[in-house]
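Undergrad: Next comes data05.pdb, PDB, C-alpha atoms:
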```
ATOM      1  CA  MET A  17     104.983  98.726  32.406  1.00  0.00           C
ATOM      2  CA  GLN A  18     101.878  96.671  31.753  1.00  0.00           C
ATOM      3  CA  LEU A  19      99.731  99.690  32.664  1.00  0.00           C
ATOM      4  CA  PHE A  20     101.361 101.857  29.990  1.00  0.00           C
ATOM      5  CA  ALA A  21     101.021  99.077  27.429  1.00  0.00           C
ATOM      6  CA  ASN A  22      97.290  98.825  28.198  1.00  0.00           C
ATOM      7  CA  LYS A  23      96.800 102.592  27.851  1.00  0.00           C
ATOM      8  CA  TYR A  24      98.696 102.624  24.561  1.00  0.00           C
ATOM      9  CA  SER A  25      96.710  99.700  23.167  1.00  0.00           C
ATOM     10  CA  GLN A  26      93.435 101.392  24.178  1.00  0.00           C
ATOM     11  CA  ARG A  27      94.453 104.556  22.334  1.00  0.00           C
ATOM     12  CA  LEU A  28      95.329 102.521  19.250  1.00  0.00           C
ATOM     13  CA  GLU A  29      91.944 100.802  19.478  1.00  0.00           C
ATOM     14  CA  VAL A  30      90.127 104.151  19.564  1.00  0.00           C
ATOM     15  CA  ILE A  31      92.100 105.415  16.553  1.00  0.00           C
ATOM     16  CA  ARG A  32      91.406 102.174  14.660  1.00  0.00           C
ATOM     17  CA  LEU A  33      87.673 102.457  15.382  1.00  0.00           C
ATOM     18  CA  ALA A  34      87.675 106.062  14.224  1.00  0.00           C
ATOM     19  CA  GLU A  35      89.315 105.129  10.933  1.00  0.00           C
ATOM     20  CA  GLU A  36      87.068 102.105  10.323  1.00  0.00           C
ATOM     21  CA  GLU A  37      83.789 103.830  11.028  1.00  0.00           C
ATOM     22  CA  ASN A  38      84.786 107.246   9.685  1.00  0.00           C
ATOM     23  CA  ILE A  39      83.434 108.968  12.804  1.00  0.00           C
ATOM     24  CA  SER A  40      83.487 112.701  13.406  1.00  0.00           C
ATOM     25  CA  ARG A  41      86.178 114.445  15.398  1.00  0.00           C
ATOM     26  CA  ALA A  42      83.744 115.119  18.292  1.00  0.00           C
ATOM     27  CA  GLN A  43      82.694 111.458  18.403  1.00  0.00           C
ATOM     28  CA  PHE A  44      86.354 110.428  18.347  1.00  0.00           C
ATOM     29  CA  PHE A  45      87.119 112.538  21.426  1.00  0.00           C
ATOM     30  CA  ARG A  46      83.984 111.312  23.221  1.00  0.00           C
ATOM     31  CA  THR A  47      85.059 107.719  22.674  1.00  0.00           C
ATOM     32  CA  ALA A  48      88.632 108.469  23.752  1.00  0.00           C
ATOM     33  CA  LEU A  49      87.372 110.169  26.899  1.00  0.00           C
ATOM     34  CA  LYS A  50      85.154 107.198  27.790  1.00  0.00           C
ATOM     35  CA  LYS A  51      88.116 104.843  27.383  1.00  0.00           C
ATOM     36  CA  SER A  52      90.304 107.088  29.560  1.00  0.00           C
ATOM     37  CA  LEU A  53      87.648 107.249  32.260  1.00  0.00           C
ATOM     38  CA  SER A  54      87.219 103.498  32.300  1.00  0.00           C
ATOM     39  CA  THR A  55      90.995 103.111  32.646  1.00  0.00           C
ATOM     40  CA  ALA A  56      91.034 105.607  35.535  1.00  0.00           C
ATOM     41  CA  LEU A  57      88.193 103.767  37.274  1.00  0.00           C
ATOM     42  CA  ASP A  58      89.987 100.448  36.850  1.00  0.00           C
ATOM     43  CA  LEU A  59      93.118 101.950  38.383  1.00  0.00           C
ATOM     44  CA  ALA A  60      91.183 103.515  41.272  1.00  0.00           C
ATOM     45  CA  GLU A  61      89.869 100.099  42.322  1.00  0.00           C
ATOM     46  CA  ASN A  62      93.446  98.990  42.972  1.00  0.00           C
ATOM     47  CA  PHE A  63      94.106 101.706  45.558  1.00  0.00           C
ATOM     48  CA  THR A  64      93.608 101.112  49.239  1.00  0.00           C
ATOM     49  CA  GLY A  65      92.067 103.449  51.810  1.00  0.00           C
ATOM     50  CA  PRO A  66      93.959 106.379  53.369  1.00  0.00           C
ATOM     51  CA  ALA A  67      94.975 104.464  56.498  1.00  0.00           C
ATOM     52  CA  GLU A  68      96.515 101.659  54.464  1.00  0.00           C
ATOM     53  CA  ARG A  69      98.308 104.120  52.146  1.00  0.00           C
ATOM     54  CA  LEU A  70      99.810 105.921  55.140  1.00  0.00           C
ATOM     55  CA  ALA A  71     100.892 102.605  56.642  1.00  0.00           C
ATOM     56  CA  ASN A  72     102.801 101.914  53.410  1.00  0.00           C
ATOM     57  CA  PHE A  73     104.892 105.000  54.163  1.00  0.00           C
ATOM     58  CA  GLY A  74     105.421 104.020  57.795  1.00  0.00           C
ATOM     59  CA  LEU A  75     102.805 106.508  59.067  1.00  0.00           C
ATOM     60  CA  GLU A  76      99.847 105.884  61.328  1.00  0.00           C
ATOM     61  CA  TRP A  77      96.866 107.882  62.573  1.00  0.00           C
ATOM     62  CA  GLN A  78      97.071 108.956  66.224  1.00  0.00           C
ATOM     63  CA  VAL A  79      94.471 110.778  68.303  1.00  0.00           C
ATOM     64  CA  VAL A  80      95.756 114.212  69.333  1.00  0.00           C
ATOM     65  CA  PHE A  81      92.535 115.806  70.591  1.00  0.00           C
ATOM     66  CA  THR A  82      89.144 114.660  71.781  1.00  0.00           C
ATOM     67  CA  GLY A  83      86.353 117.144  72.157  1.00  0.00           C
ATOM     68  CA  SER A  84      84.626 119.946  70.334  1.00  0.00           C
ATOM     69  CA  LEU A  85      86.714 122.098  68.010  1.00  0.00           C
ATOM     70  CA  PRO A  86      84.695 125.270  67.339  1.00  0.00           C
ATOM     71  CA  GLU A  87      84.562 126.676  63.832  1.00  0.00           C
ATOM     72  CA  ASN A  88      87.041 129.477  63.014  1.00  0.00           C
ATOM     73  CA  GLN A  89      89.073 128.693  66.120  1.00  0.00           C
ATOM     74  CA  THR A  90      92.703 127.737  66.671  1.00  0.00           C
ATOM     75  CA  LYS A  91      93.462 125.122  69.312  1.00  0.00           C
ATOM     76  CA  LEU A  92      96.939 124.398  70.692  1.00  0.00           C
ATOM     77  CA  VAL A  93      97.362 120.723  71.607  1.00  0.00           C
ATOM     78  CA  PHE A  94     100.349 118.689  72.744  1.00  0.00           C
ATOM     79  CA  HIS A  95     101.046 115.139  71.595  1.00  0.00           C
ATOM     80  CA  HIS A  96     104.086 113.370  73.055  1.00  0.00           C
ATOM     81  CA  SER A  97     105.307 116.769  74.296  1.00  0.00           C
ATOM     82  CA  LYS A  98     105.165 118.282  70.785  1.00  0.00           C
ATOM     83  CA  PRO A  99     102.883 121.275  70.129  1.00  0.00           C
ATOM     84  CA  PHE A 100     100.393 121.345  67.251  1.00  0.00           C
ATOM     85  CA  PHE A 101      97.863 123.927  66.165  1.00  0.00           C
ATOM     86  CA  LEU A 102      94.478 122.641  65.014  1.00  0.00           C
ATOM     87  CA  LEU A 103      92.497 125.035  62.839  1.00  0.00           C
ATOM     88  CA  ARG A 104      88.913 124.504  61.800  1.00  0.00           C
ATOM     89  CA  ASP A 105      86.938 126.529  59.307  1.00  0.00           C
ATOM     90  CA  GLU A 106      83.654 125.791  57.584  1.00  0.00           C
ATOM     91  CA  LEU A 107      85.311 123.499  55.024  1.00  0.00           C
ATOM     92  CA  ARG A 108      88.135 121.618  56.720  1.00  0.00           C
ATOM     93  CA  ILE A 109      90.385 120.963  59.677  1.00  0.00           C
ATOM     94  CA  GLN A 110      94.112 121.617  59.354  1.00  0.00           C
ATOM     95  CA  ALA A 111      97.017 120.759  61.655  1.00  0.00           C
ATOM     96  CA  PHE A 112     100.339 122.584  61.822  1.00  0.00           C
ATOM     97  CA  SER A 113     103.495 122.311  63.861  1.00  0.00           C
ATOM     98  CA  GLY A 114     103.450 124.611  66.865  1.00  0.00           C
ATOM     99  CA  LEU A 115     107.184 125.299  66.706  1.00  0.00           C
ATOM    100  CA  CYS A 116     109.033 127.964  64.748  1.00  0.00           C
ATOM    101  CA  PRO A 117     110.853 126.170  61.903  1.00  0.00           C
ATOM    102  CA  HIS A 118     113.875 128.456  62.392  1.00  0.00           C
ATOM    103  CA  ASP A 119     114.297 128.524  66.181  1.00  0.00           C
ATOM    104  CA  SER A 120     112.120 125.666  67.523  1.00  0.00           C
ATOM    105  CA  ILE A 121     110.357 128.134  69.835  1.00  0.00           C
ATOM    106  CA  LEU A 122     106.651 127.717  70.658  1.00  0.00           C
ATOM    107  CA  LEU A 123     104.575 129.914  68.354  1.00  0.00           C
ATOM    108  CA  VAL A 124     101.795 132.250  69.444  1.00  0.00           C
ATOM    109  CA  ALA A 125      98.476 131.930  67.606  1.00  0.00           C
ATOM    110  CA  ARG A 126      97.163 135.191  66.199  1.00  0.00           C
ATOM    111  CA  PRO A 127      93.898 136.106  64.474  1.00  0.00           C
ATOM    112  CA  ASN A 128      93.360 135.369  60.776  1.00  0.00           C
ATOM    113  CA  ARG A 129      95.073 131.965  60.803  1.00  0.00           C
ATOM    114  CA  SER A 130      98.524 133.392  61.533  1.00  0.00           C
ATOM    115  CA  PHE A 131     101.253 132.593  64.047  1.00  0.00           C
ATOM    116  CA  LEU A 132     104.111 134.605  65.533  1.00  0.00           C
ATOM    117  CA  CYS A 133     107.500 133.510  66.801  1.00  0.00           C
ATOM    118  CA  SER A 134     108.309 135.619  69.853  1.00  0.00           C
ATOM    119  CA  PHE A 135     112.031 134.951  69.420  1.00  0.00           C
ATOM    120  CA  CYS A 136     112.697 135.769  65.753  1.00  0.00           C
ATOM    121  CA  SER A 137     109.539 137.893  65.227  1.00  0.00           C
ATOM    122  CA  ARG A 138     108.624 136.029  62.054  1.00  0.00           C
ATOM    123  CA  ASN A 139     104.992 135.684  61.064  1.00  0.00           C
ATOM    124  CA  PHE A 140     103.640 132.457  59.623  1.00  0.00           C
ATOM    125  CA  HIS A 141     100.278 131.945  57.986  1.00  0.00           C
ATOM    126  CA  ALA A 142      98.212 128.783  57.522  1.00  0.00           C
ATOM    127  CA  ASP A 143      97.561 129.684  53.869  1.00  0.00           C
ATOM    128  CA  ALA A 144     101.115 130.837  53.072  1.00  0.00           C
ATOM    129  CA  VAL A 145     102.382 130.177  49.571  1.00  0.00           C
ATOM    130  CA  GLU A 146     106.037 131.067  50.113  1.00  0.00           C
ATOM    131  CA  ASP A 147     108.193 128.464  51.858  1.00  0.00           C
ATOM    132  CA  ALA A 148     109.648 131.090  54.221  1.00  0.00           C
ATOM    133  CA  ASN A 149     106.197 131.688  55.761  1.00  0.00           C
ATOM    134  CA  LYS A 150     104.952 128.085  55.824  1.00  0.00           C
ATOM    135  CA  LEU A 151     104.665 125.796  58.791  1.00  0.00           C
ATOM    136  CA  GLN A 152     104.868 122.032  58.563  1.00  0.00           C
ATOM    137  CA  GLU A 153     101.361 120.742  57.916  1.00  0.00           C
ATOM    138  CA  TYR A 154     100.210 117.289  58.994  1.00  0.00           C
ATOM    139  CA  PRO A 155      97.537 115.051  57.448  1.00  0.00           C
ATOM    140  CA  VAL A 156      94.455 115.320  59.650  1.00  0.00           C
ATOM    141  CA  ARG A 157      91.066 113.663  59.869  1.00  0.00           C
ATOM    142  CA  ALA A 158      88.128 113.771  62.241  1.00  0.00           C
ATOM    143  CA  GLU A 159      86.240 110.769  63.590  1.00  0.00           C
ATOM    144  CA  GLY A 160      83.324 112.079  65.597  1.00  0.00           C
ATOM    145  CA  GLU A 161      84.823 114.087  68.463  1.00  0.00           C
ATOM    146  CA  LYS A 162      88.358 112.755  67.844  1.00  0.00           C
ATOM    147  CA  ILE A 163      90.977 114.598  65.794  1.00  0.00           C
ATOM    148  CA  LEU A 164      93.702 112.336  64.393  1.00  0.00           C
ATOM    149  CA  LEU A 165      97.040 113.254  62.833  1.00  0.00           C
ATOM    150  CA  ALA A 166      99.286 111.049  60.717  1.00  0.00           C
ATOM    151  CA  PHE A 167     102.813 110.559  62.068  1.00  0.00           C
TER     152      PHE A 167
END
```
Before we go any further, please render this structure as structure tokens.
TA:
Amino acid sequence: MQLFANKYSQRLEVIRLAEEENISRAQFFRTALKKSLSTALDLAENFTGPAERLANFGLEWQVVFTGSLPENQTKLVFHHSKPFFLLRDELRIQAFSGLCPHDSILLVARPNRSFLCSFCSRNFHADAVEDANKLQEYPVRAEGEKILLAF
């Protein structure tokens, strides 16, 4: 509640300054933007790192693969007997469940970041927008040669 009170009082301060100094509309918005940015920066300082944020939700980073993950490749790995697909392109690494969400059958990796369930014949894609074609994605990060997932 205090946060909203501070934001509201900052907005009132900007409006008061605009009225007192008879500043232009452009100058008013510049001043308001600077105040908003300073508020955002103040808030950002209060956040912890990704590992601590995940711990707050009961999640932790675990190593699922150690080694080289070539670009534009899909790698099937097992962690505690559960399959995961690791995908790496030039921008990022992604991790997806290796099981069909409908039948819990191991998926087959196909070209172009897609996967096939041999039981129900459904196709899934790493960049799918529709829920019916999505796989569960896991938070992933790389530390040198180690790939970690959040569980």
Undergrad: So which residues touch A:Cys133 within 6 Å, counting all atoms listed in the file, skipping near sequence neighbours fewer than 4 positions away, as a PyMOL selection string?
TA: chain A and resi 123+137-138
Undergrad: Which residues, written as a PyMOL selection string, have at least one atom at most 8 Å from A:Arg104, with all atoms listed in the file counted and residues fewer than 4 positions away on the same chain left out?
TA: chain A and resi 85-90+108-110
Undergrad: Report, in Å to a single decimal, how far apart atom CA of A:Gly74 and atom CA of A:His141 are.
TA: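 Result for atom CA of A:His141 versus atom CA of A:Gly74: 28.4 Å, one decimal.
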Undergrad: If you measure from atom CA of A:Ser134 to atom CA of A:Asn149, what distance in Å do you get, rounded to one decimal?
TA: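 Between atom CA of A:Ser134 and atom CA of A:Asn149 the gap works out to 14.8 Å.
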Undergrad: Which is closest to A:Val93 among A:Gly114, A:Pro127, A:Gly160, A:Pro155, if we use all atoms listed in the file?
TA: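 So, comparing all the options, the nearest one is A:Gly114.
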Undergrad: Pick out the closest residue to A:Asp119 from this set: A:Val145, A:Leu132, A:Ile163, A:Val156. Count all atoms listed in the file.
TA: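 Checking each of A:Val145, A:Leu132, A:Ile163, A:Val156 against A:Asp119, counting all atoms listed in the file, the winner is A:Leu132.
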Undergrad: Edge lengths and centre in Å to one decimal, as JSON, is what I'm after for the box along x, y and z that holds all listed atoms of stretch 83-94 of chain A once 8 Å is added on each side.
TA:
```
{"center_x": 92.5, "center_y": 123.3, "center_z": 67.9, "size_x": 31.8, "size_y": 28.3, "size_z": 25.7}
```
Undergrad: Have a look at atom CA of A:Pro117 and atom CA of A:Glu159 and let me know their distance in Å, one decimal.
TA: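 If I compute the distance from atom CA of A:Pro117 to atom CA of A:Glu159, I get 29.1 Å.
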Undergrad: Determine the residue set returned by the PyMOL selection byres ((chain A and resi 91) around 6) for the present structure, and present it as a list of chain:residue names.
TA: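 Selected by the PyMOL selection byres ((chain A and resi 91) around 6) in this file: A:Thr90, A:Leu92, A:Phe101, A:Leu102.
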Undergrad: Please, could you write that set of residues out with C-alpha atoms as a compact mmCIF listing (two decimals), in the frame of the given file?
TA:
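And here's selection_33.txt as it stands now:
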```txt
# COMPACT_ATOMS: atom_id res chain seq x y z
CA THR A 90 92.70 127.74 66.67
CA LEU A 92 96.94 124.40 70.69
CA PHE A 101 97.86 123.93 66.17
CA LEU A 102 94.48 122.64 65.01
```
Undergrad: Considering all atoms listed in the file, can you say which of A:Phe81, A:Phe100, A:Phe167, A:Phe135 comes closest to A:His118?
TA: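 Looking at the shortest contact to A:His118, the residue is A:Phe135.
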Undergrad: Write out as number ranges by chain the residues lying within 6 Å of stretch 76-78 of chain A, counting all atoms listed in the file and excluding same-chain residues fewer than 4 positions away.
TA: A: 71, 164-167
Undergrad: Determine the nearest neighbour of A:Asn139 from the options A:Arg157, A:His95, A:Arg126, A:Lys162, counting only C-alpha atoms.
TA: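 Distance minimum relative to A:Asn139 lands on A:Arg126.
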Undergrad: Only N, CA and C atoms needed: put stretch 95-139 of chain A from the block into a file as a CSV table (one decimal), in the first residue's frame.
TA:
```csv
chain,number,residue,atom,x,y,z
A,95,HIS,N,16.5,-36.7,-16.3
A,95,HIS,CA,16.8,-36.2,-15.0
A,95,HIS,C,15.8,-36.9,-14.0
A,96,HIS,N,16.3,-37.7,-13.1
A,96,HIS,CA,15.5,-38.5,-12.2
A,96,HIS,C,14.4,-39.2,-13.0
A,97,SER,N,14.9,-39.9,-14.1
A,97,SER,CA,14.1,-40.8,-14.9
A,97,SER,C,13.0,-40.0,-15.7
A,98,LYS,N,13.0,-38.7,-15.7
A,98,LYS,CA,12.1,-37.9,-16.5
A,98,LYS,C,12.8,-37.3,-17.8
A,99,PRO,N,12.2,-37.5,-18.9
A,99,PRO,CA,12.8,-37.0,-20.2
A,99,PRO,C,12.6,-35.5,-20.4
A,100,PHE,N,13.6,-34.8,-20.9
A,100,PHE,CA,13.5,-33.4,-21.2
A,100,PHE,C,14.2,-33.2,-22.5
A,101,PHE,N,13.7,-32.3,-23.4
A,101,PHE,CA,14.4,-31.9,-24.6
A,101,PHE,C,15.0,-30.5,-24.4
A,102,LEU,N,16.3,-30.4,-24.7
A,102,LEU,CA,17.0,-29.1,-24.6
A,102,LEU,C,17.2,-28.7,-26.1
A,103,LEU,N,16.8,-27.5,-26.3
A,103,LEU,CA,16.9,-26.9,-27.7
A,103,LEU,C,17.8,-25.6,-27.6
A,104,ARG,N,18.8,-25.5,-28.5
A,104,ARG,CA,19.6,-24.3,-28.5
A,104,ARG,C,19.6,-23.7,-29.9
A,105,ASP,N,19.3,-22.4,-29.9
A,105,ASP,CA,19.5,-21.7,-31.2
A,105,ASP,C,20.5,-20.6,-30.9
A,106,GLU,N,20.6,-19.7,-31.9
A,106,GLU,CA,21.6,-18.6,-31.7
A,106,GLU,C,21.3,-17.6,-30.6
A,107,LEU,N,20.1,-17.6,-30.1
A,107,LEU,CA,19.7,-16.6,-29.1
A,107,LEU,C,19.6,-17.2,-27.7
A,108,ARG,N,19.1,-18.4,-27.6
A,108,ARG,CA,18.7,-18.9,-26.3
A,108,ARG,C,18.8,-20.4,-26.2
A,109,ILE,N,18.6,-20.9,-25.0
A,109,ILE,CA,18.4,-22.4,-24.7
A,109,ILE,C,17.0,-22.5,-24.1
A,110,GLN,N,16.3,-23.5,-24.6
A,110,GLN,CA,15.0,-23.8,-24.0
A,110,GLN,C,14.9,-25.2,-23.6
A,111,ALA,N,14.0,-25.5,-22.6
A,111,ALA,CA,13.9,-26.9,-22.1
A,111,ALA,C,12.4,-27.2,-22.1
A,112,PHE,N,12.0,-28.4,-22.6
A,112,PHE,CA,10.7,-28.8,-22.6
A,112,PHE,C,10.5,-30.2,-22.1
A,113,SER,N,9.3,-30.5,-21.6
A,113,SER,CA,9.1,-31.9,-21.2
A,113,SER,C,9.2,-32.8,-22.4
A,114,GLY,N,9.7,-34.0,-22.2
A,114,GLY,CA,9.8,-35.0,-23.2
A,114,GLY,C,8.7,-36.0,-23.3
A,115,LEU,N,7.6,-35.7,-22.6
A,115,LEU,CA,6.4,-36.6,-22.5
A,115,LEU,C,5.2,-35.9,-23.2
A,116,CYS,N,4.4,-36.7,-23.9
A,116,CYS,CA,3.2,-36.2,-24.5
A,116,CYS,C,2.3,-35.7,-23.3
A,117,PRO,N,1.7,-34.5,-23.4
A,117,PRO,CA,0.9,-34.1,-22.3
A,117,PRO,C,-0.5,-34.8,-22.2
A,118,HIS,N,-0.8,-35.5,-23.3
A,118,HIS,CA,-2.1,-36.2,-23.3
A,118,HIS,C,-2.0,-37.7,-22.9
A,119,ASP,N,-0.8,-38.3,-23.3
A,119,ASP,CA,-0.7,-39.8,-23.1
A,119,ASP,C,0.5,-40.2,-22.3
A,120,SER,N,1.4,-39.2,-21.9
A,120,SER,CA,2.6,-39.5,-21.1
A,120,SER,C,3.5,-40.5,-21.8
A,121,ILE,N,3.6,-40.4,-23.1
A,121,ILE,CA,4.4,-41.3,-23.9
A,121,ILE,C,5.6,-40.4,-24.4
A,122,LEU,N,6.8,-41.0,-24.4
A,122,LEU,CA,8.0,-40.3,-24.8
A,122,LEU,C,7.8,-39.8,-26.2
A,123,LEU,N,8.2,-38.5,-26.4
A,123,LEU,CA,8.0,-37.9,-27.7
A,123,LEU,C,9.3,-38.1,-28.6
A,124,VAL,N,9.1,-38.0,-29.9
A,124,VAL,CA,10.2,-38.1,-30.8
A,124,VAL,C,10.5,-36.7,-31.4
A,125,ALA,N,11.8,-36.3,-31.3
A,125,ALA,CA,12.2,-35.0,-31.8
A,125,ALA,C,12.2,-35.1,-33.3
A,126,ARG,N,11.7,-34.0,-33.9
A,126,ARG,CA,11.7,-33.9,-35.4
A,126,ARG,C,12.4,-32.6,-35.7
A,127,PRO,N,12.7,-32.4,-37.0
A,127,PRO,CA,13.3,-31.1,-37.4
A,127,PRO,C,12.4,-29.9,-37.2
A,128,ASN,N,13.0,-28.8,-37.2
A,128,ASN,CA,12.2,-27.5,-37.1
A,128,ASN,C,11.6,-27.3,-35.7
A,129,ARG,N,12.3,-27.8,-34.7
A,129,ARG,CA,11.8,-27.6,-33.3
A,129,ARG,C,10.4,-28.2,-33.0
A,130,SER,N,10.2,-29.3,-33.6
A,130,SER,CA,8.9,-30.0,-33.4
A,130,SER,C,9.1,-31.4,-32.8
A,131,PHE,N,8.0,-31.9,-32.3
A,131,PHE,CA,8.0,-33.2,-31.6
A,131,PHE,C,6.7,-33.9,-32.0
A,132,LEU,N,6.8,-35.3,-32.0
A,132,LEU,CA,5.7,-36.1,-32.4
A,132,LEU,C,5.5,-37.2,-31.3
A,133,CYS,N,4.2,-37.4,-31.0
A,133,CYS,CA,3.8,-38.4,-30.1
A,133,CYS,C,3.5,-39.6,-31.0
A,134,SER,N,4.2,-40.7,-30.8
A,134,SER,CA,3.9,-41.9,-31.7
A,134,SER,C,2.7,-42.6,-31.3
A,135,PHE,N,2.1,-42.3,-30.2
A,135,PHE,CA,0.8,-43.0,-29.7
A,135,PHE,C,-0.4,-42.2,-30.3
A,136,CYS,N,-0.5,-40.9,-30.0
A,136,CYS,CA,-1.7,-40.2,-30.4
A,136,CYS,C,-1.5,-39.4,-31.7
A,137,SER,N,-0.3,-39.5,-32.3
A,137,SER,CA,0.1,-38.8,-33.6
A,137,SER,C,0.0,-37.3,-33.5
A,138,ARG,N,0.0,-36.7,-32.4
A,138,ARG,CA,-0.1,-35.2,-32.3
A,138,ARG,C,1.3,-34.7,-32.4
A,139,ASN,N,1.3,-33.5,-33.1
A,139,ASN,CA,2.6,-32.8,-33.3
A,139,ASN,C,2.6,-31.6,-32.3
```
